Amino acid sequence: MSFTALLIDDERKALAILKNKLERFCTNIVVIGETQSPVEGLALIEKLKPQLVFLDVAMPEMSGFDLLAKIPNPTFEIIFVTAFDSYAVDALNHCAIGYLVKPVDNQSLIATVLKAIKNIEAKTALEKNKLLIENLGVQSFQDRKMVIPSQEGLE
């Protein structure tokens, strides 16, 4: 199973390195978009609906935290990728699943992506269960009937 990702980092080289590492070490991650502009990143999040966003913290137009503040209920997992380890507490407060310090260590990347995938799968299962419960709760003319298979057919 593959998972979609969006990369947002103001440094072109950092984007290229991260994309390359994801292609090499996290083959189930499909990069569906990348941008150096956090403003464009907002539009891409809305348009592409990624499951995972790799987000730089310190960017000229707006910080990664400012970008997230503009999204009331993010439905994606967030992995911060930054050159500064001093933002870790803020990242956790923003419900980030991971925090990678540049240059990104391959093993840390793999471990963080695996953690994100587990969260995505759990959310997907939760959404499916909610939908099932909602569908079971639908009232219709057959709300008092139950079909039971037997040797002679359906009862």
# chains A, B, ... in the order shown; residues from 1 in each chain; ligands from 1

$ residues_around --residues "Glu121 in chain A" --least-positions-apart "2" --cutoff "12 Å" --atoms "only C-alpha atoms" --output "MDAnalysis selection string"
chainID A and resid 1:3 51:52 76:77 114:119 123:128

$ write_last_selection --atoms "C-alpha atoms" --output "mmCIF file, in the first residue's frame"
data_model
loop_
_atom_site.group_PDB
_atom_site.id
_atom_site.type_symbol
_atom_site.label_atom_id
_atom_site.label_comp_id
_atom_site.auth_asym_id
_atom_site.auth_seq_id
_atom_site.Cartn_x
_atom_site.Cartn_y
_atom_site.Cartn_z
ATOM 1 C CA MET A 1 0.000 0.000 0.000
ATOM 2 C CA SER A 2 1.300 3.462 -0.816
ATOM 3 C CA PHE A 3 0.813 6.754 0.989
ATOM 4 C CA GLN A 51 -1.801 11.882 3.863
ATOM 5 C CA LEU A 52 1.589 13.101 5.032
ATOM 6 C CA PHE A 76 -2.764 14.622 7.448
ATOM 7 C CA GLU A 77 0.221 13.545 9.492
ATOM 8 C CA LEU A 114 6.813 4.095 9.756
ATOM 9 C CA LYS A 115 5.280 5.834 12.773
ATOM 10 C CA ALA A 116 3.317 8.147 10.454
ATOM 11 C CA ILE A 117 2.071 5.199 8.381
ATOM 12 C CA LYS A 118 0.791 3.469 11.520
ATOM 13 C CA ASN A 119 -1.136 6.623 12.435
ATOM 14 C CA LYS A 123 -7.127 6.862 11.224
ATOM 15 C CA THR A 124 -8.282 5.056 8.084
ATOM 16 C CA ALA A 125 -9.555 2.134 10.151
ATOM 17 C CA LEU A 126 -11.281 4.537 12.541
ATOM 18 C CA GLU A 127 -12.979 6.360 9.640
ATOM 19 C CA LYS A 128 -14.133 3.055 8.134
#

$ closest_residue --among "A:Met62, A:Ala69, A:Val81, A:Ala5" --to "Gly33 in chain A" --atoms "only C-alpha atoms"
A:Ala5

$ atom_distance --atom1 "CA of Pro50 in chain A" --atom2 "CA of Ala122 in chain A"
15.9 Å

$ select_by_dssp --residues "chain A" --states "strand (DSSP E or B)" --output "NGL selection string"
:A and (3-8 or 29-35 or 52-55 or 77-82 or 98-101 or 149-150 or 153-154)

$ write_last_selection --atoms "N, CA and C atoms" --output "PDB file, in the first residue's frame"
ATOM      1  N   PHE A   3       1.332   5.607   0.268  1.00  0.00           N
ATOM      2  CA  PHE A   3       0.813   6.754   0.989  1.00  0.00           C
ATOM      3  C   PHE A   3       1.318   8.016   0.302  1.00  0.00           C
ATOM      4  N   THR A   4       0.475   9.040   0.255  1.00  0.00           N
ATOM      5  CA  THR A   4       0.833  10.265  -0.459  1.00  0.00           C
ATOM      6  C   THR A   4       1.481  11.285   0.471  1.00  0.00           C
ATOM      7  N   ALA A   5       2.450  12.018  -0.097  1.00  0.00           N
ATOM      8  CA  ALA A   5       3.169  13.012   0.701  1.00  0.00           C
ATOM      9  C   ALA A   5       3.369  14.293  -0.091  1.00  0.00           C
ATOM     10  N   LEU A   6       3.381  15.399   0.656  1.00  0.00           N
ATOM     11  CA  LEU A   6       3.675  16.722   0.121  1.00  0.00           C
ATOM     12  C   LEU A   6       4.894  17.245   0.866  1.00  0.00           C
ATOM     13  N   LEU A   7       5.849  17.835   0.129  1.00  0.00           N
ATOM     14  CA  LEU A   7       7.065  18.369   0.729  1.00  0.00           C
ATOM     15  C   LEU A   7       7.038  19.893   0.641  1.00  0.00           C
ATOM     16  N   ILE A   8       7.228  20.571   1.777  1.00  0.00           N
ATOM     17  CA  ILE A   8       7.254  22.035   1.807  1.00  0.00           C
ATOM     18  C   ILE A   8       8.537  22.471   2.516  1.00  0.00           C
ATOM     19  N   ILE A  29       6.053   5.592   0.075  1.00  0.00           N
ATOM     20  CA  ILE A  29       5.655   6.998   0.104  1.00  0.00           C
ATOM     21  C   ILE A  29       5.748   7.554  -1.312  1.00  0.00           C
ATOM     22  N   VAL A  30       4.650   8.106  -1.799  1.00  0.00           N
ATOM     23  CA  VAL A  30       4.602   8.700  -3.132  1.00  0.00           C
ATOM     24  C   VAL A  30       4.514  10.216  -2.964  1.00  0.00           C
ATOM     25  N   VAL A  31       5.536  10.918  -3.427  1.00  0.00           N
ATOM     26  CA  VAL A  31       5.542  12.379  -3.341  1.00  0.00           C
ATOM     27  C   VAL A  31       4.637  12.918  -4.455  1.00  0.00           C
ATOM     28  N   ILE A  32       3.517  13.520  -4.054  1.00  0.00           N
ATOM     29  CA  ILE A  32       2.550  14.019  -5.031  1.00  0.00           C
ATOM     30  C   ILE A  32       2.699  15.517  -5.274  1.00  0.00           C
ATOM     31  N   GLY A  33       3.552  16.161  -4.504  1.00  0.00           N
ATOM     32  CA  GLY A  33       3.780  17.581  -4.695  1.00  0.00           C
ATOM     33  C   GLY A  33       4.916  18.070  -3.835  1.00  0.00           C
ATOM     34  N   GLU A  34       5.527  19.166  -4.286  1.00  0.00           N
ATOM     35  CA  GLU A  34       6.583  19.802  -3.501  1.00  0.00           C
ATOM     36  C   GLU A  34       6.608  21.276  -3.866  1.00  0.00           C
ATOM     37  N   THR A  35       6.967  22.094  -2.883  1.00  0.00           N
ATOM     38  CA  THR A  35       7.025  23.526  -3.113  1.00  0.00           C
ATOM     39  C   THR A  35       8.012  24.177  -2.156  1.00  0.00           C
ATOM     40  N   LEU A  52       0.399  12.786   4.261  1.00  0.00           N
ATOM     41  CA  LEU A  52       1.589  13.101   5.032  1.00  0.00           C
ATOM     42  C   LEU A  52       2.204  14.381   4.480  1.00  0.00           C
ATOM     43  N   VAL A  53       2.582  15.302   5.383  1.00  0.00           N
ATOM     44  CA  VAL A  53       3.234  16.544   4.959  1.00  0.00           C
ATOM     45  C   VAL A  53       4.578  16.663   5.682  1.00  0.00           C
ATOM     46  N   PHE A  54       5.627  16.785   4.881  1.00  0.00           N
ATOM     47  CA  PHE A  54       6.957  17.080   5.415  1.00  0.00           C
ATOM     48  C   PHE A  54       7.101  18.586   5.338  1.00  0.00           C
ATOM     49  N   LEU A  55       7.316  19.220   6.490  1.00  0.00           N
ATOM     50  CA  LEU A  55       7.220  20.670   6.580  1.00  0.00           C
ATOM     51  C   LEU A  55       8.437  21.275   7.269  1.00  0.00           C
ATOM     52  N   GLU A  77      -0.841  13.651   8.499  1.00  0.00           N
ATOM     53  CA  GLU A  77       0.221  13.545   9.492  1.00  0.00           C
ATOM     54  C   GLU A  77       1.294  14.579   9.146  1.00  0.00           C
ATOM     55  N   ILE A  78       1.939  15.120  10.162  1.00  0.00           N
ATOM     56  CA  ILE A  78       2.932  16.178   9.979  1.00  0.00           C
ATOM     57  C   ILE A  78       4.290  15.680  10.462  1.00  0.00           C
ATOM     58  N   ILE A  79       5.285  15.827   9.595  1.00  0.00           N
ATOM     59  CA  ILE A  79       6.668  15.569   9.996  1.00  0.00           C
ATOM     60  C   ILE A  79       7.443  16.850   9.720  1.00  0.00           C
ATOM     61  N   PHE A  80       7.943  17.458  10.777  1.00  0.00           N
ATOM     62  CA  PHE A  80       8.762  18.662  10.612  1.00  0.00           C
ATOM     63  C   PHE A  80      10.179  18.253  10.229  1.00  0.00           C
ATOM     64  N   VAL A  81      10.731  18.972   9.268  1.00  0.00           N
ATOM     65  CA  VAL A  81      12.106  18.756   8.837  1.00  0.00           C
ATOM     66  C   VAL A  81      12.782  20.121   8.896  1.00  0.00           C
ATOM     67  N   THR A  82      13.735  20.287   9.804  1.00  0.00           N
ATOM     68  CA  THR A  82      14.329  21.600   9.999  1.00  0.00           C
ATOM     69  C   THR A  82      15.797  21.494  10.397  1.00  0.00           C
ATOM     70  N   GLY A  98       6.476  13.556  13.853  1.00  0.00           N
ATOM     71  CA  GLY A  98       7.919  13.415  13.856  1.00  0.00           C
ATOM     72  C   GLY A  98       8.625  14.738  13.695  1.00  0.00           C
ATOM     73  N   TYR A  99       9.895  14.720  14.032  1.00  0.00           N
ATOM     74  CA  TYR A  99      10.717  15.922  13.981  1.00  0.00           C
ATOM     75  C   TYR A  99      12.099  15.487  13.541  1.00  0.00           C
ATOM     76  N   LEU A 100      12.468  15.837  12.308  1.00  0.00           N
ATOM     77  CA  LEU A 100      13.756  15.437  11.761  1.00  0.00           C
ATOM     78  C   LEU A 100      14.657  16.657  11.635  1.00  0.00           C
ATOM     79  N   VAL A 101      15.906  16.515  12.069  1.00  0.00           N
ATOM     80  CA  VAL A 101      16.865  17.610  11.984  1.00  0.00           C
ATOM     81  C   VAL A 101      17.757  17.376  10.759  1.00  0.00           C
ATOM     82  N   PRO A 149     -28.521 -16.531   7.230  1.00  0.00           N
ATOM     83  CA  PRO A 149     -28.359 -17.644   6.297  1.00  0.00           C
ATOM     84  C   PRO A 149     -28.638 -18.982   6.991  1.00  0.00           C
ATOM     85  N   SER A 150     -29.313 -19.874   6.264  1.00  0.00           N
ATOM     86  CA  SER A 150     -29.563 -21.215   6.769  1.00  0.00           C
ATOM     87  C   SER A 150     -29.287 -22.216   5.643  1.00  0.00           C
ATOM     88  N   GLY A 153     -31.472 -21.568   2.640  1.00  0.00           N
ATOM     89  CA  GLY A 153     -31.375 -20.252   1.987  1.00  0.00           C
ATOM     90  C   GLY A 153     -31.289 -19.155   3.026  1.00  0.00           C
ATOM     91  N   LEU A 154     -31.959 -18.044   2.776  1.00  0.00           N
ATOM     92  CA  LEU A 154     -31.955 -16.929   3.701  1.00  0.00           C
ATOM     93  C   LEU A 154     -33.280 -16.843   4.421  1.00  0.00           C
TER      94      LEU A 154
END

$ atom_distance --atom1 "CA of Lys13 in chain A" --atom2 "CA of Val39 in chain A"
19.0 Å

$ atom_distance --atom1 "CA of Gly64 in chain A" --atom2 "CA of Ala83 in chain A"
12.8 Å

$ residues_around --residues "Leu18 in chain A" --least-positions-apart "3" --cutoff "10 Å" --atoms "only C-alpha atoms" --output "ChimeraX atom specification"
/A:7,9,13-15,21-24,54,81,102-104,106,109

$ write_last_selection --atoms "N, CA, C and O atoms" --output "mmCIF file, in the first residue's frame"
data_model
loop_
_atom_site.group_PDB
_atom_site.id
_atom_site.type_symbol
_atom_site.label_atom_id
_atom_site.label_comp_id
_atom_site.auth_asym_id
_atom_site.auth_seq_id
_atom_site.Cartn_x
_atom_site.Cartn_y
_atom_site.Cartn_z
ATOM 1 N N LEU A 7 5.849 17.835 0.129
ATOM 2 C CA LEU A 7 7.065 18.369 0.729
ATOM 3 C C LEU A 7 7.038 19.893 0.641
ATOM 4 O O LEU A 7 6.852 20.441 -0.455
ATOM 5 N N ASP A 9 9.430 23.096 1.754
ATOM 6 C CA ASP A 9 10.704 23.573 2.297
ATOM 7 C C ASP A 9 11.196 24.681 1.380
ATOM 8 O O ASP A 9 11.172 24.534 0.161
ATOM 9 N N LYS A 13 17.511 22.596 -2.522
ATOM 10 C CA LYS A 13 18.396 21.462 -2.299
ATOM 11 C C LYS A 13 17.826 20.515 -1.232
ATOM 12 O O LYS A 13 17.881 19.291 -1.372
ATOM 13 N N ALA A 14 17.269 21.083 -0.174
ATOM 14 C CA ALA A 14 16.672 20.264 0.891
ATOM 15 C C ALA A 14 15.497 19.450 0.360
ATOM 16 O O ALA A 14 15.331 18.277 0.728
ATOM 17 N N LEU A 15 14.693 20.057 -0.518
ATOM 18 C CA LEU A 15 13.571 19.333 -1.132
ATOM 19 C C LEU A 15 14.084 18.149 -1.948
ATOM 20 O O LEU A 15 13.561 17.037 -1.853
ATOM 21 N N LYS A 21 15.743 10.698 -0.699
ATOM 22 C CA LYS A 21 15.792 9.751 0.430
ATOM 23 C C LYS A 21 14.478 8.986 0.563
ATOM 24 O O LYS A 21 14.476 7.790 0.847
ATOM 25 N N LEU A 22 13.361 9.672 0.353
ATOM 26 C CA LEU A 22 12.065 8.988 0.422
ATOM 27 C C LEU A 22 11.961 7.935 -0.671
ATOM 28 O O LEU A 22 11.476 6.824 -0.430
ATOM 29 N N GLU A 23 12.405 8.277 -1.876
ATOM 30 C CA GLU A 23 12.356 7.317 -2.988
ATOM 31 C C GLU A 23 13.246 6.100 -2.718
ATOM 32 O O GLU A 23 12.896 4.982 -3.083
ATOM 33 N N ARG A 24 14.387 6.319 -2.072
ATOM 34 C CA ARG A 24 15.332 5.238 -1.821
ATOM 35 C C ARG A 24 14.969 4.384 -0.608
ATOM 36 O O ARG A 24 15.113 3.158 -0.644
ATOM 37 N N PHE A 54 5.627 16.785 4.881
ATOM 38 C CA PHE A 54 6.957 17.080 5.415
ATOM 39 C C PHE A 54 7.101 18.586 5.338
ATOM 40 O O PHE A 54 7.005 19.174 4.261
ATOM 41 N N VAL A 81 10.731 18.972 9.268
ATOM 42 C CA VAL A 81 12.106 18.756 8.837
ATOM 43 C C VAL A 81 12.782 20.121 8.896
ATOM 44 O O VAL A 81 12.421 21.028 8.146
ATOM 45 N N LYS A 102 17.910 18.438 9.950
ATOM 46 C CA LYS A 102 18.778 18.370 8.769
ATOM 47 C C LYS A 102 20.233 18.380 9.202
ATOM 48 O O LYS A 102 20.564 19.087 10.152
ATOM 49 N N PRO A 103 21.104 17.668 8.545
ATOM 50 C CA PRO A 103 20.815 16.723 7.462
ATOM 51 C C PRO A 103 20.092 15.493 8.019
ATOM 52 O O PRO A 103 20.445 14.977 9.082
ATOM 53 N N VAL A 104 19.083 15.060 7.301
ATOM 54 C CA VAL A 104 18.212 13.992 7.770
ATOM 55 C C VAL A 104 18.947 12.658 7.750
ATOM 56 O O VAL A 104 19.495 12.241 6.719
ATOM 57 N N ASN A 106 19.120 8.726 7.663
ATOM 58 C CA ASN A 106 18.289 7.737 6.972
ATOM 59 C C ASN A 106 17.448 6.904 7.939
ATOM 60 O O ASN A 106 16.256 6.684 7.709
ATOM 61 N N LEU A 109 14.635 8.918 9.420
ATOM 62 C CA LEU A 109 13.588 9.110 8.411
ATOM 63 C C LEU A 109 12.704 7.882 8.315
ATOM 64 O O LEU A 109 11.473 7.980 8.374
#

$ select_by_dssp --residues "chain A" --states "helix (DSSP H, G or I)" --output "MDAnalysis selection string"
chainID A and resid 12:25 38:48 64:69 85:93 106:136

$ residues_around --residues "Glu46 in chain A" --least-positions-apart "5" --cutoff "10 Å" --atoms "only C-alpha atoms" --output "mmCIF file with N, CA, C and O atoms, in the first residue's frame"
data_model
loop_
_atom_site.group_PDB
_atom_site.id
_atom_site.type_symbol
_atom_site.label_atom_id
_atom_site.label_comp_id
_atom_site.auth_asym_id
_atom_site.auth_seq_id
_atom_site.Cartn_x
_atom_site.Cartn_y
_atom_site.Cartn_z
ATOM 1 N N GLU A 40 2.003 28.588 -1.290
ATOM 2 C CA GLU A 40 1.624 27.591 -2.293
ATOM 3 C C GLU A 40 1.366 26.245 -1.610
ATOM 4 O O GLU A 40 0.485 25.490 -2.026
ATOM 5 N N GLY A 41 2.118 25.963 -0.555
ATOM 6 C CA GLY A 41 1.920 24.730 0.197
ATOM 7 C C GLY A 41 0.508 24.615 0.745
ATOM 8 O O GLY A 41 -0.096 23.543 0.703
ATOM 9 N N ILE A 71 -4.748 26.041 9.029
ATOM 10 C CA ILE A 71 -5.528 24.835 8.719
ATOM 11 C C ILE A 71 -6.212 24.399 10.011
ATOM 12 O O ILE A 71 -5.567 23.846 10.902
#
